[in-house]
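Q: You'll find input_14.txt just under this line, and it carries compact mmCIF, C-alpha atoms (C1' of nucleotides).
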```txt
# COMPACT_ATOMS: atom_id res chain seq x y z
CA MET A 295 93.72 119.39 151.10
CA ALA A 296 91.76 121.31 148.57
CA ARG A 297 90.56 120.31 145.20
CA ALA A 298 93.01 119.67 142.40
CA ALA A 299 93.69 122.74 140.33
CA THR A 300 91.52 122.88 137.25
CA THR A 301 94.43 124.37 135.46
CA THR A 302 96.37 121.20 135.92
CA ASP A 303 94.77 118.54 133.78
CA VAL A 304 92.27 118.15 131.00
CA PHE A 305 89.72 116.27 133.03
CA ASN A 306 89.33 119.18 135.37
CA ALA A 307 89.37 121.68 132.56
CA ILE A 308 86.39 120.11 130.85
CA ALA A 309 84.54 119.56 134.09
CA GLU A 310 83.27 123.10 133.95
CA PRO A 311 80.14 123.28 131.77
CA ARG A 312 80.86 126.77 130.45
CA ARG A 313 84.25 125.62 129.43
CA ARG A 314 82.70 122.80 127.46
CA GLU A 315 80.51 125.36 125.77
CA VAL A 316 83.55 127.37 124.81
CA ILE A 317 85.11 124.26 123.38
CA GLY A 318 81.87 123.65 121.56
CA VAL A 319 82.23 126.95 119.77
CA LEU A 320 85.76 126.14 118.71
CA ALA A 321 84.76 122.63 117.74
CA ASP A 322 84.67 123.37 114.05
CA GLY A 323 88.40 123.81 114.06
CA ARG A 324 88.42 127.44 113.03
CA GLU A 325 89.92 130.37 114.83
CA TYR A 326 87.73 132.52 117.00
CA ALA A 327 88.35 135.87 118.60
CA VAL A 328 87.33 136.24 122.21
CA GLY A 329 84.57 138.62 121.22
CA GLU A 330 83.05 136.07 118.88
CA VAL A 331 82.84 133.56 121.67
CA VAL A 332 81.33 136.18 123.92
CA LEU A 333 78.63 136.87 121.38
CA ARG A 334 77.81 133.26 120.71
CA LEU A 335 77.65 132.21 124.32
CA ARG A 336 76.33 135.43 125.80
CA MET A 337 78.87 135.24 128.54
CA SER A 338 80.74 138.18 129.97
CA GLN A 339 84.02 138.99 128.31
CA PRO A 340 86.11 138.44 131.44
CA ALA A 341 84.49 135.09 131.99
CA VAL A 342 85.30 133.98 128.48
CA SER A 343 88.85 135.25 128.77
CA LYS A 344 89.34 133.36 131.99
CA HIS A 345 87.95 130.13 130.65
CA LEU A 346 90.06 130.42 127.55
CA GLY A 347 93.00 131.06 129.80
CA VAL A 348 92.42 127.83 131.68
CA LEU A 349 91.98 125.91 128.47
CA ARG A 350 95.16 127.41 127.16
CA LYS A 351 97.18 126.44 130.20
CA VAL A 352 96.02 122.88 129.81
CA GLY A 353 96.82 123.04 126.12
CA VAL A 354 93.31 122.49 124.83
CA VAL A 355 93.41 125.76 122.94
CA SER A 356 96.17 127.86 121.46
CA VAL A 357 96.30 131.55 120.74
CA ILE A 358 97.84 133.77 118.16
CA LYS A 359 97.70 137.51 118.06
CA ARG A 360 96.13 139.07 115.04
CA GLY A 361 95.89 142.79 115.28
CA GLN A 362 94.05 143.65 118.41
CA HIS A 363 92.37 140.28 118.40
CA ARG A 364 93.54 137.09 120.01
CA MET A 365 92.52 134.22 117.83
CA TYR A 366 91.86 131.02 119.72
CA ARG A 367 91.93 127.67 118.08
CA LEU A 368 91.03 124.29 119.46
CA ASN A 369 93.86 121.88 120.01
CA ALA A 370 91.66 118.85 120.08
CA ALA A 371 94.47 116.36 120.43
CA GLU A 372 94.71 117.33 124.08
CA LEU A 373 91.29 115.80 124.59
CA LYS A 374 92.54 112.41 123.59
CA PRO A 375 93.39 111.32 127.14
CA VAL A 376 89.75 111.76 128.06
CA HIS A 377 88.67 109.78 125.07
CA ASP A 378 91.16 107.06 125.80
CA TRP A 379 90.07 106.81 129.39
CA VAL A 380 86.36 106.60 128.73
CA LYS A 381 86.72 104.42 125.67
CA VAL A 382 87.50 101.50 127.95
CA PHE A 383 83.90 101.47 129.08
CA GLU A 384 82.43 101.67 125.64
CA ARG A 385 81.59 98.00 125.59
CA TYR A 386 79.24 98.48 128.50
CA TRP A 387 76.69 100.40 126.50
CA THR A 388 77.22 99.02 123.03
CA HIS A 389 75.72 95.59 122.51
CA GLN A 390 73.44 96.33 125.41
CA LEU A 391 71.50 93.12 125.27
CA SER A 392 74.44 90.81 125.14
CA GLN A 393 75.99 92.83 127.92
CA ILE A 394 72.98 92.35 130.14
CA LYS A 395 73.08 88.68 129.38
CA GLU A 396 76.74 88.57 130.29
CA ARG A 397 76.05 90.20 133.59
CA ALA A 398 73.31 87.72 134.39
CA GLU A 399 75.58 84.83 133.54
CA ARG A 400 78.37 86.26 135.60
CA LYS A 401 76.13 86.68 138.60
CA ALA A 402 74.86 83.14 138.28
CA LEU A 403 78.44 81.93 138.11
CA GLU A 404 79.39 83.91 141.18
CA ARG A 405 76.52 82.37 143.06
CA MET A 406 77.67 78.89 142.11
CA VAL A 407 81.26 79.51 143.04
CA SER A 408 81.07 81.35 146.35
CA SER A 409 77.66 79.89 147.20
CA ASP A 410 77.49 82.02 150.30
CA PRO A 411 78.92 79.91 153.16
CA GLY A 412 78.04 82.50 155.75
CA ASP A 413 80.91 84.70 154.64
CA PRO A 414 79.96 86.52 151.50
CA GLY A 415 82.68 89.09 151.80
CA ASP A 416 85.51 86.71 151.17
CA ARG A 417 86.48 87.78 147.71
CA GLN A 418 89.61 89.65 148.67
CA ARG A 419 92.98 88.25 147.99
CA MET B 606 79.81 131.94 142.43
CA ALA B 607 81.71 128.86 143.41
CA ARG B 608 82.66 125.85 141.49
CA ALA B 609 80.00 123.48 140.25
CA ALA B 610 79.19 120.72 142.68
CA THR B 611 81.05 117.53 141.87
CA THR B 612 77.98 115.65 142.96
CA THR B 613 76.00 117.19 140.17
CA ASP B 614 77.26 115.74 136.95
CA VAL B 615 79.51 113.03 135.64
CA PHE B 616 82.11 115.34 134.19
CA ASN B 617 82.83 116.77 137.58
CA ALA B 618 82.72 113.38 139.24
CA ILE B 619 85.47 111.99 137.03
CA ALA B 620 87.53 115.14 137.22
CA GLU B 621 88.99 113.94 140.49
CA PRO B 622 91.95 111.62 139.84
CA ARG B 623 91.34 109.43 142.88
CA ARG B 624 87.80 108.96 141.75
CA ARG B 625 89.03 107.77 138.41
CA GLU B 626 91.23 105.31 140.23
CA VAL B 627 88.25 104.00 142.13
CA ILE B 628 86.40 103.58 138.87
CA GLY B 629 89.44 101.81 137.55
CA VAL B 630 89.13 99.21 140.27
CA LEU B 631 85.49 98.62 139.47
CA ALA B 632 86.21 98.60 135.77
CA ASP B 633 86.07 94.83 135.45
CA GLY B 634 82.38 94.95 136.16
CA ARG B 635 82.47 92.95 139.38
CA GLU B 636 81.28 93.99 142.78
CA TYR B 637 83.75 95.34 145.29
CA ALA B 638 83.44 95.98 148.98
CA VAL B 639 84.77 99.29 150.23
CA GLY B 640 87.56 97.51 152.05
CA GLU B 641 88.76 95.90 148.87
CA VAL B 642 89.04 99.26 147.18
CA VAL B 643 90.86 100.60 150.20
CA LEU B 644 93.39 97.80 149.99
CA ARG B 645 93.95 98.10 146.28
CA LEU B 646 94.35 101.85 146.21
CA ARG B 647 95.95 102.30 149.60
CA MET B 648 93.63 105.16 150.34
CA SER B 649 92.03 105.82 153.70
CA GLN B 650 88.67 104.21 154.26
CA PRO B 651 86.82 107.50 154.74
CA ALA B 652 88.30 108.84 151.55
CA VAL B 653 87.14 105.82 149.59
CA SER B 654 83.71 105.97 151.16
CA LYS B 655 83.38 109.61 150.23
CA HIS B 656 84.48 109.12 146.67
CA LEU B 657 82.15 106.18 146.28
CA GLY B 658 79.43 108.36 147.73
CA VAL B 659 79.98 111.01 145.10
CA LEU B 660 80.04 108.44 142.34
CA ARG B 661 76.86 106.96 143.68
CA LYS B 662 75.04 110.26 143.73
CA VAL B 663 75.96 110.79 140.14
CA GLY B 664 74.89 107.27 139.34
CA VAL B 665 78.24 105.97 138.19
CA VAL B 666 78.19 103.25 140.82
CA SER B 667 75.44 101.42 142.64
CA VAL B 668 75.45 99.71 146.00
CA ILE B 669 73.84 96.73 147.54
CA LYS B 670 74.18 95.59 151.11
CA ARG B 671 75.59 92.19 151.65
CA GLY B 672 76.04 91.39 155.29
CA GLN B 673 78.16 94.07 156.83
CA HIS B 674 79.65 94.86 153.46
CA ARG B 675 78.44 97.34 150.93
CA MET B 676 79.13 95.99 147.52
CA TYR B 677 79.76 98.61 144.88
CA ARG B 678 79.36 97.98 141.23
CA LEU B 679 80.19 100.19 138.30
CA ASN B 680 77.27 101.54 136.35
CA ALA B 681 79.31 102.31 133.29
CA ALA B 682 76.40 103.51 131.20
CA GLU B 683 76.50 106.74 133.15
CA LEU B 684 79.86 107.47 131.56
CA LYS B 685 78.33 107.51 128.13
CA PRO B 686 77.72 111.28 128.12
CA VAL B 687 81.43 111.82 128.51
CA HIS B 688 82.15 109.43 125.71
CA ASP B 689 79.57 111.03 123.49
CA TRP B 690 80.92 114.47 124.17
CA VAL B 691 84.54 113.69 123.50
CA LYS B 692 83.83 111.40 120.59
CA VAL B 693 83.04 114.43 118.49
CA PHE B 694 86.72 115.31 118.50
CA GLU B 695 87.92 111.88 117.62
CA ARG B 696 88.53 112.82 114.02
CA TYR B 697 91.12 115.33 115.09
CA TRP B 698 93.62 112.74 116.18
CA THR B 699 92.73 109.83 113.96
CA HIS B 700 93.92 110.15 110.40
CA GLN B 701 96.42 112.69 111.61
CA LEU B 702 98.05 113.29 108.29
CA SER B 703 94.89 113.82 106.33
CA GLN B 704 93.69 116.06 109.11
CA ILE B 705 96.76 118.22 108.85
CA LYS B 706 96.25 118.41 105.16
CA GLU B 707 92.64 119.43 105.66
CA ARG B 708 93.69 122.19 107.97
CA ALA B 709 96.20 123.48 105.46
CA GLU B 710 93.61 123.47 102.73
CA ARG B 711 91.10 125.18 104.93
CA LYS B 712 93.53 127.90 105.80
CA ALA B 713 94.42 128.44 102.18
CA LEU B 714 90.76 128.69 101.39
CA GLU B 715 90.21 131.20 104.14
CA ARG B 716 92.99 133.32 102.79
CA MET B 717 91.45 133.30 99.34
CA VAL B 718 88.00 134.17 100.57
CA SER B 719 88.58 136.87 103.15
CA SER B 720 91.88 137.94 101.62
CA ASP B 721 92.57 140.19 104.57
CA PRO B 722 91.35 143.69 103.60
CA GLY B 723 92.88 145.33 106.62
CA ASP B 724 90.21 143.90 108.90
CA PRO B 725 91.10 140.35 109.79
CA GLY B 726 88.64 140.16 112.66
CA ASP B 727 85.57 140.37 110.47
CA ARG B 728 84.45 136.82 110.70
CA GLN B 729 81.53 137.47 112.98
CA ARG B 730 78.04 137.46 111.74
C1' DT C 1273 98.32 162.36 121.13
C1' DT C 1274 93.73 161.03 121.75
C1' DG C 1275 90.04 158.03 121.38
C1' DA C 1276 87.93 153.70 120.52
C1' DC C 1277 88.08 148.94 120.57
C1' DA C 1278 89.60 144.09 122.19
C1' DT C 1279 91.27 141.49 125.70
C1' DA C 1280 93.55 140.38 130.08
C1' DT C 1281 94.05 140.96 134.93
C1' DT C 1282 93.08 142.13 139.64
C1' DC C 1283 90.18 142.25 143.61
C1' DC C 1284 86.44 140.47 145.86
C1' DT C 1285 82.92 137.21 147.83
C1' DA C 1286 80.34 133.07 148.31
C1' DT C 1287 80.87 128.47 147.93
C1' DA C 1288 82.76 123.91 147.48
C1' DT C 1289 85.64 121.10 147.63
C1' DC C 1290 89.50 117.05 149.61
C1' DG C 1291 91.59 114.78 153.17
C1' DG C 1292 92.46 113.60 157.99
C1' DA C 1293 90.82 112.62 162.63
C1' DA C 1294 87.37 111.33 165.38
C1' DT C 1295 83.03 109.46 165.84
C1' DA C 1296 78.64 107.33 164.61
C1' DT C 1297 76.16 103.62 162.45
C1' DT C 1298 75.21 99.00 161.17
C1' DA C 1299 75.84 94.10 161.17
C1' DT C 1300 78.07 89.90 163.00
C1' DT C 1301 79.64 86.86 166.42
C1' DC C 1302 80.29 85.15 170.95
C1' DG D 1295 74.54 92.40 175.79
C1' DA D 1296 79.52 93.21 174.68
C1' DA D 1297 83.19 93.12 171.55
C1' DT D 1298 84.46 93.39 166.79
C1' DA D 1299 84.37 94.39 161.98
C1' DA D 1300 82.89 97.28 157.95
C1' DT D 1301 81.36 101.44 156.53
C1' DA D 1302 79.40 106.10 156.76
C1' DT D 1303 79.31 110.63 158.63
C1' DT D 1304 80.71 114.79 160.89
C1' DC D 1305 83.89 118.37 161.88
C1' DC D 1306 87.82 120.69 160.55
C1' DG D 1307 91.35 123.47 157.89
C1' DA D 1308 93.64 124.82 153.73
C1' DT D 1309 92.77 125.76 149.24
C1' DA D 1310 90.60 126.81 145.00
C1' DT D 1311 87.66 127.98 142.52
C1' DA D 1312 83.71 131.00 139.30
C1' DG D 1313 81.76 135.16 138.38
C1' DG D 1314 81.08 140.21 138.73
C1' DA D 1315 82.98 144.80 138.84
C1' DA D 1316 86.50 147.64 138.01
C1' DT D 1317 90.70 148.39 135.95
C1' DA D 1318 94.86 147.62 133.27
C1' DT D 1319 97.03 146.48 128.96
C1' DG D 1320 97.48 146.46 124.13
C1' DT D 1321 96.38 147.80 119.46
C1' DC D 1322 94.61 150.38 115.80
C1' DA D 1323 93.04 154.71 113.50
C1' DA D 1324 92.58 159.56 112.78
```
Go ahead and express the file in the form of structure tokens.
A:
Amino acid sequence: MARAATTTDVFNAIAEPRRREVIGVLADGREYAVGEVVLRLRMSQPAVSKHLGVLRKVGVVSVIKRGQHRMYRLNAAELKPVHDWVKVFERYWTHQLSQIKERAERKALERMVSSDPGDPGDRQR
Amino acid sequence: MARAATTTDVFNAIAEPRRREVIGVLADGREYAVGEVVLRLRMSQPAVSKHLGVLRKVGVVSVIKRGQHRMYRLNAAELKPVHDWVKVFERYWTHQLSQIKERAERKALERMVSSDPGDPGDRQR
DNA sequence: TTGACATATTCCTATATCGGAATATTATTC
DNA sequence: GAATAATATTCCGATATAGGAATATGTCAA
């Protein structure tokens, strides 16, 4: 099978660096016309339109027509799943020192418990 | 050009749902043999090996040999860039009400300032 | 209507997947 | 050494990009 469609979920949508740049432009919460994004990022207009299209399908941005412009606005709430997912690992880099200590203690404990009786791989259940 | 290589950066690495599942298994910080992951996720062994390989190249997991097992451990610190990136948008979904109010105020302000003189798209500079 | 501007869409190509099947590699045990 | 277990790697096919070029669509203005 092929790769999951980027148009399907947020994680894939933000995997593309240019798309993150586009989001970066909209990050201040204001509306931006496609042309403004093009200018700021120096990307081709079709490229920007396509990326915005992907982001729109995922719901990360929304559009309204204003004259001949399409004003795009960030819908940041759609990024929450990413935040929620990665937040779980926050503790691993905050409190670095205590975390390193914890790991050392855990490893010592593991050594005491399983104390390697010729079958180290026996941690399944 | 084609899609960015998943082996290149963390954002792409975690874009794949199965890979996130693998990370989920390792999330408790302990070591896991490939076979354990296979059992827990009911994925094929080659698939797990490949996903772990990608995660390893990106640095999200590390391996050590232990007998005939390869023990994989999460290197959660590598996920920090994702956290840092998405954290910027946190304010958009916390304090929802005040945020909505802010938006309303901002829009009102915009209307007062640019007061739409027939050229709404003139926010570039 | 015509022209100019803003944006979207289509067509194309090169590339990169993911997963399955089969196979290779490495380590252990007898 | 031979058999076995654990894991990695290779080969494959179907699919899905991303970007460029060209074009279509839509909107305003004179």
Q: For atom CA of Glu626 of chain B and atom C1' of DA1310 of chain D, quote the distance in Å rounded to one decimal.
A: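 So the two atoms, atom CA of Glu626 of chain B and atom C1' of DA1310 of chain D, lie 22.0 Å apart.
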Q: Would you kindly report the residues of chain A within 6 Å of chain B, using only C-alpha atoms, as JSON, numbers by chain?
A: {"A": [305, 306, 309, 371, 377, 380, 387]}
Q: Could you write out as lines of an AutoDock Vina configuration file the box around segment 345-360 of chain A (axis-aligned, all atoms listed in the file, 6 Å on each side), with centre and edge lengths in Å to one decimal?
A:
```
center_x = 92.9
center_y = 130.8
center_z = 123.4
size_x = 21.9
size_y = 28.6
size_z = 28.6
```
Q: Would you please work out which residue, of C:DA1294, C:DC1302, C:DA1286, C:DA1280, is nearest to Pro651 of chain B when using all atoms listed in the file?
A: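 For Pro651 of chain B, the nearest of the given residues is C:DA1294.
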Q: Give me, as JSON lines, each residue of chain D that comes within 7 Å of chain A, together with its shortest interatomic pair and the distance in Å at one decimal, counting all atoms listed in the file, with rows ordered by chain and rising residue number.
A:
```
{"residue": "D:DA1308", "atom": "C1'", "partner": "A:Met295", "partner_atom": "CA", "distance": 6.0}
{"residue": "D:DT1309", "atom": "C1'", "partner": "A:Ala296", "partner_atom": "CA", "distance": 4.6}
{"residue": "D:DA1310", "atom": "C1'", "partner": "A:Arg297", "partner_atom": "CA", "distance": 6.5}
{"residue": "D:DG1313", "atom": "C1'", "partner": "A:Ala341", "partner_atom": "CA", "distance": 6.9}
{"residue": "D:DT1321", "atom": "C1'", "partner": "A:Gln362", "partner_atom": "CA", "distance": 4.9}
```
Q: Distance atom C1' of DC1305 of chain D-atom CA of Gln650 of chain B, one decimal place?
A: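 Computed distance, atom C1' of DC1305 of chain D to atom CA of Gln650 of chain B, equals 16.8 Å.
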Q: Counting all atoms listed in the file, what is within 12 Å of DC1283 of chain C, bar same-chain residues fewer than 4 positions away, as a ChimeraX atom specification?
A: /D:1314-1317
Q: Given all atoms listed in the file as the basis, pick out the residue of C:DT1274, C:DG1292, C:DT1287, C:DT1301 nearest to chain B.
A: C:DT1287
Q: Chain C residues within 8 Å of chain B, counting only C-alpha atoms (C1' of nucleotides): which ones, as a PyMOL selection string?
A: chain C and resi 1286-1288+1291+1298-1300
Q: Report, in Å to a single decimal, how far apart atom CA of Val659 of chain B and atom C1' of DC1306 of chain D are.
A: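 Going from atom C1' of DC1306 of chain D over to atom CA of Val659 of chain B, I get 19.8 Å.
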Q: Just add N, CA and C atoms to segment 653-665 of chain B and send it as a PDB file, in the frame of the given file.
A:
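Okay, selection-v3.pdb is ready:
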```
ATOM      1  N   VAL B 653      87.801 106.703 150.563  1.00  0.00           N
ATOM      2  CA  VAL B 653      87.140 105.820 149.590  1.00  0.00           C
ATOM      3  C   VAL B 653      85.633 105.908 149.718  1.00  0.00           C
ATOM      4  N   SER B 654      85.154 105.877 150.948  1.00  0.00           N
ATOM      5  CA  SER B 654      83.710 105.970 151.160  1.00  0.00           C
ATOM      6  C   SER B 654      83.150 107.255 150.558  1.00  0.00           C
ATOM      7  N   LYS B 655      83.871 108.333 150.761  1.00  0.00           N
ATOM      8  CA  LYS B 655      83.380 109.610 150.230  1.00  0.00           C
ATOM      9  C   LYS B 655      83.362 109.610 148.711  1.00  0.00           C
ATOM     10  N   HIS B 656      84.429 109.132 148.137  1.00  0.00           N
ATOM     11  CA  HIS B 656      84.480 109.120 146.670  1.00  0.00           C
ATOM     12  C   HIS B 656      83.386 108.219 146.111  1.00  0.00           C
ATOM     13  N   LEU B 657      83.222 107.070 146.735  1.00  0.00           N
ATOM     14  CA  LEU B 657      82.150 106.180 146.280  1.00  0.00           C
ATOM     15  C   LEU B 657      80.792 106.859 146.455  1.00  0.00           C
ATOM     16  N   GLY B 658      80.682 107.636 147.517  1.00  0.00           N
ATOM     17  CA  GLY B 658      79.430 108.360 147.730  1.00  0.00           C
ATOM     18  C   GLY B 658      79.141 109.330 146.608  1.00  0.00           C
ATOM     19  N   VAL B 659      80.155 110.070 146.213  1.00  0.00           N
ATOM     20  CA  VAL B 659      79.980 111.010 145.100  1.00  0.00           C
ATOM     21  C   VAL B 659      79.596 110.260 143.827  1.00  0.00           C
ATOM     22  N   LEU B 660      80.325 109.209 143.557  1.00  0.00           N
ATOM     23  CA  LEU B 660      80.040 108.440 142.340  1.00  0.00           C
ATOM     24  C   LEU B 660      78.637 107.851 142.380  1.00  0.00           C
ATOM     25  N   ARG B 661      78.206 107.523 143.570  1.00  0.00           N
ATOM     26  CA  ARG B 661      76.860 106.960 143.680  1.00  0.00           C
ATOM     27  C   ARG B 661      75.812 108.028 143.407  1.00  0.00           C
ATOM     28  N   LYS B 662      76.023 109.192 143.956  1.00  0.00           N
ATOM     29  CA  LYS B 662      75.040 110.260 143.730  1.00  0.00           C
ATOM     30  C   LYS B 662      74.905 110.591 142.262  1.00  0.00           C
ATOM     31  N   VAL B 663      75.998 110.498 141.567  1.00  0.00           N
ATOM     32  CA  VAL B 663      75.960 110.790 140.140  1.00  0.00           C
ATOM     33  C   VAL B 663      75.412 109.602 139.359  1.00  0.00           C
ATOM     34  N   GLY B 664      75.435 108.451 139.991  1.00  0.00           N
ATOM     35  CA  GLY B 664      74.890 107.270 139.340  1.00  0.00           C
ATOM     36  C   GLY B 664      75.923 106.374 138.696  1.00  0.00           C
ATOM     37  N   VAL B 665      77.183 106.736 138.844  1.00  0.00           N
ATOM     38  CA  VAL B 665      78.240 105.970 138.190  1.00  0.00           C
ATOM     39  C   VAL B 665      78.465 104.618 138.876  1.00  0.00           C
TER      40      VAL B 665
END
```
